[in-house]
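So this one's run_0.cif, mmCIF, C-alpha atoms:
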```cif
data_input
loop_
_atom_site.label_atom_id
_atom_site.label_comp_id
_atom_site.auth_asym_id
_atom_site.auth_seq_id
_atom_site.Cartn_x
_atom_site.Cartn_y
_atom_site.Cartn_z
CA MET A 19 -47.17 5.31 38.87
CA THR A 20 -45.59 4.44 35.55
CA ASN A 21 -46.08 8.00 34.22
CA SER A 22 -45.05 9.76 37.40
CA LYS A 23 -41.94 11.88 37.81
CA THR A 24 -39.26 10.46 40.09
CA ILE A 25 -38.31 13.16 42.59
CA VAL A 26 -35.39 12.30 44.86
CA VAL A 27 -35.71 14.15 48.18
CA VAL A 28 -32.63 14.49 50.38
CA GLY A 29 -33.45 14.35 54.10
CA LEU A 30 -37.17 13.66 53.68
CA ASP A 31 -38.79 13.66 57.13
CA ASP A 32 -42.33 12.87 58.24
CA PHE A 33 -43.34 16.53 58.71
CA ASN A 34 -42.40 17.58 55.18
CA ARG A 35 -43.59 14.28 53.70
CA ARG A 36 -47.09 15.05 55.02
CA MET A 37 -46.99 18.56 53.59
CA MET A 38 -45.85 17.34 50.18
CA ALA A 39 -48.62 14.75 50.18
CA ASP A 40 -51.12 17.65 50.19
CA LEU A 41 -49.78 19.16 46.97
CA PRO A 42 -52.17 19.16 44.00
CA ASP A 43 -51.62 16.38 41.50
CA VAL A 44 -49.35 14.62 43.99
CA GLU A 45 -50.08 11.35 42.19
CA GLN A 46 -47.82 12.66 39.39
CA TYR A 47 -44.78 12.35 41.66
CA ASP A 48 -42.88 9.41 43.03
CA PHE A 49 -40.99 10.84 46.00
CA VAL A 50 -37.85 8.80 46.63
CA PRO A 51 -36.09 9.55 49.93
CA VAL A 52 -32.32 9.36 50.05
CA LEU A 53 -30.12 10.08 53.08
CA GLY A 54 -32.61 10.11 55.93
CA TYR A 55 -33.09 12.86 58.51
CA ASP A 56 -30.77 11.22 61.04
CA GLU A 57 -28.09 10.73 58.37
CA ILE A 58 -27.94 14.17 56.77
CA VAL A 59 -29.74 16.63 59.07
CA ARG A 60 -28.98 15.61 62.64
CA PRO A 61 -26.22 13.00 62.68
CA LYS A 62 -23.76 12.80 65.55
CA ARG A 63 -21.01 13.36 62.97
CA TYR A 64 -21.06 14.30 59.30
CA ASP A 65 -19.07 11.82 57.21
CA LEU A 66 -19.54 13.45 53.80
CA PRO A 67 -17.48 10.96 51.74
CA ALA A 68 -19.47 8.04 53.16
CA LEU A 69 -22.80 9.85 52.76
CA LEU A 70 -22.15 10.73 49.13
CA GLU A 71 -21.00 7.19 48.37
CA ALA A 72 -24.11 5.73 49.99
CA ALA A 73 -26.41 8.16 48.18
CA GLU A 74 -24.90 7.44 44.78
CA ALA A 75 -25.10 3.68 45.29
CA ARG A 76 -28.76 3.86 46.34
CA LEU A 77 -29.76 6.12 43.45
CA ARG A 78 -27.90 4.17 40.77
CA ALA A 79 -29.69 1.05 41.99
CA HIS A 80 -33.06 2.77 41.60
CA SER A 81 -35.21 1.02 39.02
CA ARG A 82 -36.49 4.10 37.21
CA PRO A 83 -34.81 7.19 35.70
CA ILE A 84 -34.46 10.12 38.08
CA ASP A 85 -36.16 13.34 36.97
CA ALA A 86 -35.11 15.70 39.77
CA ILE A 87 -33.16 15.88 43.03
CA VAL A 88 -34.35 18.39 45.63
CA THR A 89 -33.95 19.38 49.25
CA PHE A 90 -35.31 21.96 51.69
CA TRP A 91 -32.53 21.57 54.28
CA ASP A 92 -29.50 23.72 54.93
CA PHE A 93 -25.91 22.46 54.91
CA PRO A 94 -24.80 19.93 53.96
CA SER A 95 -27.94 19.03 51.97
CA SER A 96 -28.04 22.29 50.01
CA THR A 97 -24.41 22.06 48.93
CA ILE A 98 -24.47 18.43 47.79
CA MET A 99 -27.29 19.10 45.32
CA PRO A 100 -24.97 20.12 42.44
CA ILE A 101 -22.77 17.08 43.05
CA MET A 102 -25.71 14.70 43.04
CA ARG A 103 -27.34 16.28 39.98
CA GLN A 104 -24.10 15.89 38.08
CA TRP A 105 -24.27 12.10 38.53
CA PHE A 106 -27.42 12.03 36.39
CA ASP A 107 -26.81 15.04 34.10
CA LEU A 108 -29.69 16.92 35.69
CA PRO A 109 -29.89 20.71 35.22
CA GLY A 110 -29.35 23.14 38.07
CA PRO A 111 -26.90 25.72 39.36
CA SER A 112 -23.22 24.87 39.39
CA LEU A 113 -21.51 23.98 42.65
CA GLU A 114 -19.59 27.25 42.40
CA ALA A 115 -22.81 29.26 42.06
CA VAL A 116 -24.27 27.50 45.10
CA LEU A 117 -21.10 28.11 47.12
CA LYS A 118 -21.26 31.80 46.21
CA CYS A 119 -24.42 31.76 48.30
CA GLU A 120 -23.48 29.25 51.00
CA HIS A 121 -19.82 30.14 51.74
CA LYS A 122 -20.35 33.24 53.86
CA TYR A 123 -17.05 34.90 53.00
CA TRP A 124 -17.12 34.06 49.28
CA SER A 125 -20.72 35.24 49.17
CA ARG A 126 -19.77 38.58 50.71
CA VAL A 127 -17.02 39.01 48.11
CA GLU A 128 -19.50 38.39 45.28
CA GLN A 129 -22.12 40.59 46.93
CA ALA A 130 -19.60 43.41 47.22
CA ALA A 131 -18.90 43.10 43.49
CA SER A 132 -22.59 43.22 42.50
CA VAL A 133 -24.59 45.02 45.22
CA GLY A 134 -21.79 46.63 47.16
CA GLU A 135 -23.95 49.40 48.62
CA LEU A 136 -25.94 46.74 50.53
CA VAL A 137 -22.93 44.97 52.07
CA PRO A 138 -21.44 45.76 55.49
CA GLY A 139 -17.73 45.83 56.22
CA PHE A 140 -16.34 42.32 56.56
CA CYS A 141 -13.12 40.33 56.70
CA ALA A 142 -11.96 36.73 56.97
CA VAL A 143 -10.70 35.53 60.36
CA ASP A 144 -8.59 32.47 61.12
CA PRO A 145 -9.60 31.46 64.67
CA PHE A 146 -6.53 29.21 64.91
CA ALA A 147 -4.06 31.97 64.08
CA GLU A 148 -1.68 33.19 66.77
CA ASP A 149 -3.51 36.53 66.76
CA PRO A 150 -7.01 36.01 65.32
CA ALA A 151 -7.88 39.67 65.89
CA ALA A 152 -5.09 40.98 63.64
CA PRO A 153 -7.14 41.22 60.38
CA ILE A 154 -10.26 42.65 62.06
CA ASP A 155 -10.51 46.35 61.28
CA LEU A 156 -14.14 46.73 62.38
CA ALA A 157 -15.32 48.83 65.28
CA PHE A 158 -17.04 47.13 68.22
CA PRO A 159 -19.63 45.70 68.23
CA TYR A 160 -19.47 43.32 65.28
CA TRP A 161 -20.57 39.76 64.50
CA LEU A 162 -18.20 36.80 64.28
CA LYS A 163 -19.37 33.50 62.77
CA PRO A 164 -18.01 30.52 60.80
CA VAL A 165 -17.97 30.80 57.02
CA LYS A 166 -20.29 27.78 57.02
CA ALA A 167 -22.87 27.23 59.72
CA HIS A 168 -26.62 27.35 60.16
CA SER A 169 -29.13 28.17 62.90
CA SER A 170 -26.66 30.86 64.10
CA TYR A 171 -24.35 28.10 65.40
CA LEU A 172 -21.17 29.63 66.86
CA GLY A 173 -22.29 33.13 65.93
CA PHE A 174 -21.25 35.76 68.48
CA LYS A 175 -21.82 39.46 68.96
CA ILE A 176 -18.42 40.86 69.89
CA ARG A 177 -18.47 44.00 72.07
CA ASN A 178 -14.89 44.00 73.34
CA GLY A 179 -11.60 42.12 73.33
CA ARG A 180 -12.57 39.85 76.20
CA GLN A 181 -15.72 38.69 74.39
CA LEU A 182 -13.62 38.03 71.30
CA GLU A 183 -11.29 35.81 73.32
CA ARG A 184 -14.21 33.80 74.71
CA ALA A 185 -15.80 33.49 71.27
CA ILE A 186 -12.54 32.30 69.69
CA GLU A 187 -12.21 29.68 72.42
CA ALA A 188 -15.72 28.36 71.73
CA ILE A 189 -15.20 28.45 67.95
CA ARG A 190 -11.93 26.54 68.18
CA ALA A 191 -13.70 23.84 70.20
CA GLY A 192 -16.72 23.45 67.93
CA ILE A 193 -16.05 24.67 64.40
CA HIS A 194 -14.80 21.27 63.19
CA VAL A 195 -18.36 19.87 63.34
CA LEU A 196 -19.26 21.65 60.10
CA ALA A 197 -15.79 22.63 58.87
CA GLU A 198 -14.73 19.07 58.05
CA PRO A 199 -17.75 18.22 55.86
CA PHE A 200 -17.67 21.68 54.28
CA ASP A 201 -14.03 21.23 53.30
CA HIS A 202 -15.01 18.01 51.54
CA ILE A 203 -17.61 19.92 49.53
CA LEU A 204 -15.03 22.59 48.69
CA SER A 205 -12.72 19.89 47.29
CA PHE A 206 -15.17 19.42 44.38
CA ALA A 207 -15.21 23.12 43.46
CA ASP A 208 -13.07 25.30 41.25
CA LEU A 209 -12.12 27.97 43.79
CA PRO A 210 -10.54 31.33 42.89
CA PRO A 211 -7.05 31.87 44.36
CA GLU A 212 -8.33 34.50 46.79
CA ILE A 213 -11.05 32.14 48.11
CA ALA A 214 -9.21 28.80 48.22
CA PRO A 215 -7.31 29.56 51.47
CA ILE A 216 -10.55 30.46 53.30
CA ASP A 217 -11.62 26.94 54.20
CA GLY A 218 -14.31 25.71 56.56
CA SER A 219 -12.17 26.38 59.63
CA HIS A 220 -12.31 30.12 58.97
CA CYS A 221 -14.75 32.71 60.23
CA ILE A 222 -16.08 35.98 58.92
CA ALA A 223 -16.32 39.18 60.95
CA GLU A 224 -19.05 41.58 59.84
CA ALA A 225 -20.10 45.08 60.83
CA MET A 226 -23.48 45.38 62.52
CA ILE A 227 -26.51 45.76 60.23
CA SER A 228 -29.26 44.38 62.47
CA ALA A 229 -30.80 47.66 63.65
CA GLY A 230 -33.69 47.48 61.19
CA ARG A 231 -36.55 45.21 60.20
CA GLN A 232 -35.56 41.82 58.82
CA CYS A 233 -37.27 39.86 56.07
CA THR A 234 -36.66 37.00 53.65
CA LEU A 235 -37.40 36.93 49.94
CA GLU A 236 -38.55 33.54 48.67
CA GLY A 237 -38.05 33.09 44.94
CA TYR A 238 -36.58 31.09 42.09
CA VAL A 239 -34.52 31.54 38.94
CA LEU A 240 -35.65 29.73 35.81
CA ASP A 241 -33.90 30.25 32.48
CA GLY A 242 -32.44 33.51 33.71
CA GLU A 243 -35.69 35.00 35.00
CA VAL A 244 -35.75 35.86 38.71
CA VAL A 245 -39.19 35.57 40.33
CA VAL A 246 -39.99 36.44 43.95
CA TYR A 247 -43.34 35.00 45.02
CA GLY A 248 -43.33 35.86 48.74
CA VAL A 249 -41.69 38.02 51.39
CA VAL A 250 -41.63 36.81 55.00
CA ASP A 251 -40.85 38.99 58.04
CA SER A 252 -38.39 37.72 60.67
CA ARG A 253 -38.85 38.87 64.26
CA ARG A 254 -36.03 38.51 66.78
CA GLU A 255 -35.75 38.47 70.55
CA GLY A 256 -33.19 38.13 73.32
CA ALA A 257 -30.56 40.43 74.76
CA HIS A 258 -28.67 40.64 71.47
CA ARG A 259 -31.72 40.34 69.19
CA SER A 260 -29.89 37.33 67.75
CA SER A 261 -32.58 34.68 68.28
CA PHE A 262 -35.58 34.31 65.99
CA SER A 263 -38.93 34.52 67.78
CA ARG A 264 -41.16 34.08 64.72
CA TYR A 265 -41.39 34.21 60.94
CA GLN A 266 -44.56 35.98 59.77
CA TYR A 267 -46.18 36.04 56.33
CA PRO A 268 -47.01 38.15 54.44
CA SER A 269 -44.47 40.87 55.14
CA GLY A 270 -45.55 44.21 56.54
CA LEU A 271 -42.73 46.08 54.78
CA PRO A 272 -43.75 48.77 52.27
CA GLN A 273 -44.02 47.48 48.72
CA TRP A 274 -41.41 49.92 47.45
CA VAL A 275 -38.90 48.60 50.00
CA GLN A 276 -39.62 45.03 48.94
CA GLN A 277 -39.10 46.02 45.30
CA ARG A 278 -35.65 47.46 46.05
CA MET A 279 -34.70 44.18 47.69
CA ILE A 280 -36.00 42.19 44.72
CA GLU A 281 -33.94 44.29 42.32
CA ALA A 282 -30.83 43.73 44.46
CA ALA A 283 -31.51 39.97 44.50
CA GLU A 284 -31.72 39.96 40.71
CA ARG A 285 -28.37 41.74 40.37
CA PHE A 286 -26.62 39.35 42.74
CA LEU A 287 -28.11 36.15 41.29
CA HIS A 288 -27.33 37.16 37.71
CA HIS A 289 -23.81 38.11 38.78
CA ILE A 290 -23.06 34.65 40.21
CA GLY A 291 -24.75 32.76 37.33
CA TYR A 292 -27.38 31.13 39.52
CA ASP A 293 -30.18 29.42 37.57
CA ARG A 294 -32.76 26.59 37.59
CA SER A 295 -33.22 26.58 41.35
CA PRO A 296 -35.14 28.21 44.19
CA PHE A 297 -33.44 30.61 46.60
CA ASN A 298 -34.13 32.70 49.65
CA MET A 299 -32.34 35.92 50.57
CA GLU A 300 -32.42 37.73 53.89
CA PHE A 301 -32.37 41.53 54.15
CA TYR A 302 -32.61 44.29 56.73
CA TRP A 303 -34.34 47.62 56.20
CA ASP A 304 -33.14 50.41 58.49
CA GLU A 305 -36.24 52.58 58.40
CA GLN A 306 -34.61 55.60 60.06
CA GLN A 307 -31.77 55.71 57.55
CA ASP A 308 -33.82 54.23 54.68
CA ALA A 309 -30.92 51.82 54.17
CA ILE A 310 -31.19 48.26 52.89
CA TRP A 311 -28.64 45.64 53.91
CA LEU A 312 -28.19 42.14 52.51
CA LEU A 313 -27.65 39.57 55.25
CA GLU A 314 -27.27 36.31 53.30
CA ALA A 315 -28.39 34.20 50.36
CA ASN A 316 -29.43 30.54 50.54
CA ALA A 317 -29.63 28.10 47.63
CA ARG A 318 -32.95 26.46 48.59
CA ILE A 319 -36.48 27.15 49.75
CA SER A 320 -36.93 27.73 53.46
CA LYS A 321 -38.69 24.72 54.94
CA SER A 322 -39.81 26.94 57.82
CA HIS A 323 -41.98 28.96 55.46
CA CYS A 324 -43.78 26.00 53.84
CA PRO A 325 -46.76 25.92 56.28
CA LEU A 326 -47.03 29.73 56.13
CA PHE A 327 -47.49 29.73 52.36
CA GLU A 328 -49.97 26.89 52.66
CA MET A 329 -52.07 28.74 55.23
CA VAL A 330 -52.03 32.13 53.45
CA ASP A 331 -51.61 31.30 49.75
CA GLY A 332 -53.23 27.88 49.73
CA ARG A 333 -50.17 25.82 48.80
CA SER A 334 -46.79 24.97 50.27
CA HIS A 335 -43.84 26.23 48.24
CA HIS A 336 -42.55 22.69 48.10
CA GLN A 337 -44.42 23.03 44.81
CA VAL A 338 -42.01 25.71 43.60
CA MET A 339 -39.03 23.54 44.53
CA ILE A 340 -40.42 20.62 42.51
CA ASP A 341 -41.57 22.62 39.48
CA VAL A 342 -38.28 24.46 39.03
CA ALA A 343 -36.27 21.24 39.42
CA LEU A 344 -38.38 19.79 36.60
CA GLY A 345 -37.87 22.90 34.45
CA ARG A 346 -41.51 24.00 34.77
CA ARG A 347 -42.61 27.54 35.52
CA PRO A 348 -44.50 27.42 38.82
CA ASP A 349 -48.13 28.55 38.82
CA PHE A 350 -48.06 29.50 42.48
CA PRO A 351 -51.29 30.86 44.01
CA GLN A 352 -51.56 34.13 45.92
CA ARG A 353 -53.82 34.64 48.95
CA LYS A 354 -55.96 31.58 48.27
CA GLY A 355 -55.48 30.05 51.72
CA ASP A 356 -57.65 29.95 54.83
CA TYR A 357 -55.88 32.73 56.71
CA LYS A 358 -54.74 36.29 56.05
CA VAL A 359 -51.60 35.97 58.18
CA ALA A 360 -49.51 33.05 59.44
CA ALA A 361 -46.39 32.57 61.52
CA LYS A 362 -43.86 30.06 62.66
CA PHE A 363 -43.21 30.70 66.35
CA MET A 364 -39.95 29.45 67.85
CA VAL A 365 -40.45 28.54 71.50
CA ARG A 366 -37.17 29.44 73.20
CA LEU A 367 -35.56 29.46 76.61
CA PHE A 368 -32.71 31.79 77.46
CA GLU A 369 -31.13 29.91 80.35
CA ASP A 370 -29.77 26.42 80.71
CA GLY A 371 -31.96 23.86 82.39
CA ILE A 372 -33.56 20.43 82.38
CA VAL A 373 -36.77 19.85 80.41
CA THR A 374 -39.25 18.58 83.01
CA ARG A 375 -42.46 18.53 80.98
CA LEU A 376 -43.39 18.51 77.32
CA PRO A 377 -46.88 18.59 75.80
CA THR A 378 -48.51 15.19 75.51
CA ALA A 379 -50.09 13.93 72.31
CA ASP A 380 -53.48 14.82 73.84
CA ASP A 381 -52.28 18.36 74.61
CA ILE A 382 -51.20 18.84 71.01
CA ALA A 383 -54.42 17.32 69.68
CA ARG A 384 -56.49 19.77 71.76
CA VAL A 385 -54.48 22.70 70.41
CA GLU A 386 -54.84 21.53 66.83
CA GLU A 387 -58.58 21.02 67.33
CA ARG A 388 -59.05 24.51 68.80
CA PHE A 389 -56.82 26.17 66.20
CA PRO A 390 -57.27 24.35 62.86
CA LYS A 391 -54.16 23.80 60.71
CA THR A 392 -51.87 24.56 63.66
CA ARG A 393 -48.80 22.32 63.71
CA VAL A 394 -46.61 21.69 66.76
CA ARG A 395 -43.10 20.22 66.49
CA LEU A 396 -41.16 19.34 69.63
CA MET A 397 -37.39 19.84 69.40
CA VAL A 398 -36.37 18.33 72.75
CA GLU A 399 -37.15 15.37 74.99
CA GLU A 400 -38.22 15.25 78.62
CA GLY A 401 -35.21 14.99 80.92
CA GLU A 402 -32.88 16.53 78.33
CA ARG A 403 -30.46 19.25 79.36
CA LEU A 404 -30.72 22.31 77.16
CA ALA A 405 -26.96 22.90 77.06
CA HIS A 406 -26.56 19.50 75.39
CA LEU A 407 -28.77 20.40 72.41
CA ARG A 408 -26.92 20.55 69.09
CA MET A 409 -26.85 23.38 66.53
CA GLN A 410 -28.30 26.07 68.78
CA ASP A 411 -27.50 29.75 68.54
CA SER A 412 -25.11 31.20 71.11
CA TYR A 413 -27.74 32.85 73.29
CA SER A 414 -30.85 30.65 73.46
CA PHE A 415 -32.30 27.14 73.24
CA GLU A 416 -35.13 26.27 70.84
CA ILE A 417 -37.49 23.69 72.34
CA ALA A 418 -40.43 23.71 69.91
CA GLU A 419 -41.88 25.12 66.70
CA ILE A 420 -45.52 26.18 66.41
CA PHE A 421 -47.10 27.07 63.06
CA MET A 422 -50.36 29.03 63.26
CA GLY A 423 -52.65 31.13 61.06
CA ALA A 424 -55.23 33.83 61.86
CA ASP A 425 -57.27 36.62 60.30
CA ASN A 426 -55.04 39.38 61.69
CA GLN A 427 -51.83 39.86 63.63
CA SER A 428 -53.53 40.63 66.94
CA ALA A 429 -55.52 37.40 66.82
CA LEU A 430 -52.41 35.48 65.77
CA ARG A 431 -50.39 36.61 68.78
CA GLY A 432 -53.30 36.07 71.15
CA ASN A 433 -53.88 32.57 69.83
CA TYR A 434 -50.19 31.81 70.27
CA ARG A 435 -50.27 32.85 73.93
CA THR A 436 -53.29 30.60 74.49
CA CYS A 437 -51.50 27.80 72.68
CA LEU A 438 -48.48 28.06 74.99
CA GLU A 439 -50.73 27.88 78.05
CA MET A 440 -52.44 24.76 76.70
CA LEU A 441 -49.15 23.05 75.84
CA ASP A 442 -47.63 23.73 79.28
CA PHE A 443 -43.87 23.49 78.61
CA ARG A 444 -41.81 23.29 81.81
CA HIS A 445 -38.14 23.24 82.69
CA GLU A 446 -35.95 23.46 85.76
CA PRO A 447 -33.37 26.27 85.36
CA LEU A 448 -29.68 25.61 85.92
CA GLN A 449 -26.69 27.91 85.55
CA PRO A 450 -27.49 30.64 82.97
CA ARG A 451 -25.39 30.62 79.83
CA ALA A 452 -22.79 33.41 79.76
CA ALA A 453 -23.62 36.34 77.46
#
```

Just give me the structure of the file as structure tokens.
Amino acid sequence: MTNSKTIVVVGLDDFNRRMMADLPDVEQYDFVPVLGYDEIVRPKRYDLPALLEAAEARLRAHSRPIDAIVTFWDFPSSTIMPIMRQWFDLPGPSLEAVLKCEHKYWSRVEQAASVGELVPGFCAVDPFAEDPAAPIDLAFPYWLKPVKAHSSYLGFKIRNGRQLERAIEAIRAGIHVLAEPFDHILSFADLPPEIAPIDGSHCIAEAMISAGRQCTLEGYVLDGEVVVYGVVDSRREGAHRSSFSRYQYPSGLPQWVQQRMIEAAERFLHHIGYDRSPFNMEFYWDEQQDAIWLLEANARISKSHCPLFEMVDGRSHHQVMIDVALGRRPDFPQRKGDYKVAAKFMVRLFEDGIVTRLPTADDIARVEERFPKTRVRLMVEEGERLAHLRMQDSYSFEIAEIFMGADNQSALRGNYRTCLEMLDFRHEPLQPRAA
């Protein structure tokens, strides 16, 4: 592999390693893992100084020059990319540009300055203040969440003062898990005076915008050109419609609605100076009001969408991540895959309990034989209590992911129901989680 490109992959796991191995011309790449899944994605505690020190030592000891550093994971992987690229003078967006996506409050400030008509009312909230509610001038209901989190961790729909009190109590108890490593990332950045006080221990309150249809733009910026190569629908479930049930590709939104979102994405990304990197941006379309709302921007590809692109377009967008990191314009296929529609289904439970049965390897093999290219990922272990799972949203527990493709939406949903019956998940309910 003397002529191959050395691609450092932060948090490389077996699932994504197998998908990347199916990329065309994969022999051109030498994928070098750094900071394993258990270190950077699901550790018991994030020690960012130690992780960065370990990563730098490992990479500087590498025998060959490094051509690119990539990741498909959320925080902290996405936010350490600019720091790691700087070690080797590799191109990519600045740390400040990445934080203008990943710091939820700072991002809203920059969104308001560039696409203000798409931004709901918002304000910063200090959950440790004597009166955390004092700065909140939003009508009930509204959302309250940390300025840095993922998977809807510690995100709450606030309907009244009592729910706010309970949410603040939970946030005070758990926000440090991500606040401490995020504050270390912020220490590397040049923060404006109005942003510097809003550290990782702060939250953002936002007016409700979730009445419409949600989708995600997947794209990249290369030398100033913004390209969106796919739009994925997000379907939600649960009492508060706060839990994802599935991601489905391609989107069913009208093309003219998608185009308005793409134009908004261009304005925002140019405004923050984001370049030489993939992104994904989440939007809502309120069909009744014909209003578009911007939910959030992320400085990475969505790993959840990789199998969907492979099944529908014929290639995982890991390819886009790699090409852009190497400064190459991606030649990404369209509708060259085996299926016309694909989805990632999130198998969820909405009450606490003990997992009493998970699919066996034979169960999964039978499903994958009956439904080719289906992938099943288990997120729990037998005997595990759901309330002890980490990084869950505030209203549900995710126990598995199932990726499937089909020729139409009706067949897709029917196949999924059959798949669930064949996999035979079981749990013993305990005390339901409070709403």

With a distance cut-off of 9 Å and all atoms listed in the file, select the neighbouring residues of region 174-176 of chain A, excluding the residue or stretch itself and same-chain residues fewer than 2 positions from it, and output the selection as a PyMOL selection string. chain A and resi 158-163+170-172+178-182+185+226+258+260+411-413

Writer output for current selection, C-alpha atoms, as a compact mmCIF listing (two decimals), keeping the file's coordinate frame:
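Listed below is the output, again.txt:
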```txt
# COMPACT_ATOMS: atom_id res chain seq x y z
CA PHE A 158 -17.04 47.13 68.22
CA PRO A 159 -19.63 45.70 68.23
CA TYR A 160 -19.47 43.32 65.28
CA TRP A 161 -20.57 39.76 64.50
CA LEU A 162 -18.20 36.80 64.28
CA LYS A 163 -19.37 33.50 62.77
CA SER A 170 -26.66 30.86 64.10
CA TYR A 171 -24.35 28.10 65.40
CA LEU A 172 -21.17 29.63 66.86
CA ASN A 178 -14.89 44.00 73.34
CA GLY A 179 -11.60 42.12 73.33
CA ARG A 180 -12.57 39.85 76.20
CA GLN A 181 -15.72 38.69 74.39
CA LEU A 182 -13.62 38.03 71.30
CA ALA A 185 -15.80 33.49 71.27
CA MET A 226 -23.48 45.38 62.52
CA HIS A 258 -28.67 40.64 71.47
CA SER A 260 -29.89 37.33 67.75
CA ASP A 411 -27.50 29.75 68.54
CA SER A 412 -25.11 31.20 71.11
CA TYR A 413 -27.74 32.85 73.29
```

As an exercise, work out the distance from CA of Pro325 (chain A) to CA of Met38 (chain A) in Å and give it to one decimal place.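 These two atoms are separated by 10.6 Å.
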
Interface rows for region 312-375 of chain A against region 402-406 of chain A: nearest pair, Å to one decimal, 10 Å, only C-alpha atoms, as a Markdown table:
```
| residue | atom | partner | partner_atom | distance |
| --- | --- | --- | --- | --- |
| A:Leu367 | CA | A:Leu404 | CA | 8.7 |
| A:Phe368 | CA | A:Leu404 | CA | 9.7 |
| A:Glu369 | CA | A:Leu404 | CA | 8.3 |
| A:Asp370 | CA | A:Leu404 | CA | 5.5 |
| A:Gly371 | CA | A:Leu404 | CA | 5.6 |
| A:Ile372 | CA | A:Arg403 | CA | 4.5 |
| A:Val373 | CA | A:Glu402 | CA | 5.5 |
| A:Thr374 | CA | A:Glu402 | CA | 8.2 |
```

Can you spell out as a count of residues only the set of residues that the PyMOL selection byres ((chain A and resi 318) around 8) selects in the structure I just provided? 14

Residue with smallest distance to Leu41 (chain A) - pool A:His289, A:His336, A:Arg177, A:Arg78, counting all atoms listed in the file: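 Of the candidates, the smallest distance to Leu41 (chain A) is held by A:His336.
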
Kindly resolve the PyMOL selection byres ((chain A and resi 191-193) around 9) on the present coordinates and return the residues as JSON, numbers by chain. {"A": [164, 167, 172, 186, 187, 188, 189, 190, 194, 195, 196, 197, 198, 218, 219, 220]}

Determine the residue membership of the PyMOL selection byres ((chain A and resi 61-74) around 10) for the file above and supply it as a PyMOL selection string. chain A and resi 28+51-60+75-80+94+98+101-102+105-106+195-203+408

Find, counting all atoms listed in the file, the residue in A:Leu271, A:Leu396, A:Leu448, A:Val385 that gets nearest to Tyr434 (chain A). A:Val385

Would you kindly return, as a VMD selection string, each protein, DNA or RNA residue with an atom no farther than 7 Å from any atom of Lys358 (chain A), considering all atoms listed in the file and excluding same-chain residues fewer than 6 positions away? chain A and resid 330 424 to 426

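For the pair CA of Trp274 (chain A) and CA of Glu120 (chain A), the interatomic distance is 27.6 Å.
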
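Between Ala147 (chain A) and the candidates A:Ser132, A:Cys221, A:Phe350, A:Gln232, the tightest atom-to-atom separation, counting all atoms listed in the file, involves A:Cys221.
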
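Here CA of Phe301 (chain A) is placed at a distance of 24.5 Å from CA of Asp241 (chain A).
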
Tell me which protein, DNA and RNA residues are within 10 Å of Ala115 (chain A), counting all atoms listed in the file, leaving out same-chain ones fewer than 3 positions away, and put them as a PDB file with C-alpha atoms, keeping the file's coordinate frame.
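The resulting file, out-v4.pdb, is reproduced below:
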```pdb
ATOM      1  CA  PRO A 100     -24.970  20.120  42.440  1.00  0.00           C
ATOM      2  CA  GLY A 110     -29.350  23.140  38.070  1.00  0.00           C
ATOM      3  CA  PRO A 111     -26.900  25.720  39.360  1.00  0.00           C
ATOM      4  CA  SER A 112     -23.220  24.870  39.390  1.00  0.00           C
ATOM      5  CA  LYS A 118     -21.260  31.800  46.210  1.00  0.00           C
ATOM      6  CA  CYS A 119     -24.420  31.760  48.300  1.00  0.00           C
ATOM      7  CA  GLU A 120     -23.480  29.250  51.000  1.00  0.00           C
ATOM      8  CA  SER A 125     -20.720  35.240  49.170  1.00  0.00           C
ATOM      9  CA  ALA A 207     -15.210  23.120  43.460  1.00  0.00           C
ATOM     10  CA  LEU A 287     -28.110  36.150  41.290  1.00  0.00           C
ATOM     11  CA  HIS A 289     -23.810  38.110  38.780  1.00  0.00           C
ATOM     12  CA  ILE A 290     -23.060  34.650  40.210  1.00  0.00           C
ATOM     13  CA  GLY A 291     -24.750  32.760  37.330  1.00  0.00           C
ATOM     14  CA  TYR A 292     -27.380  31.130  39.520  1.00  0.00           C
ATOM     15  CA  ASP A 293     -30.180  29.420  37.570  1.00  0.00           C
ATOM     16  CA  ALA A 317     -29.630  28.100  47.630  1.00  0.00           C
TER      17      ALA A 317
END
```

So that I can see what lies close to region 213-216 of chain A, please list as a PyMOL selection string the residues with an atom at most 10 Å from it, counting only C-alpha atoms and leaving out residues fewer than 3 positions away in the same chain. chain A and resi 121+123-124+127+142-144+165+201+204-205+207-210+219-222
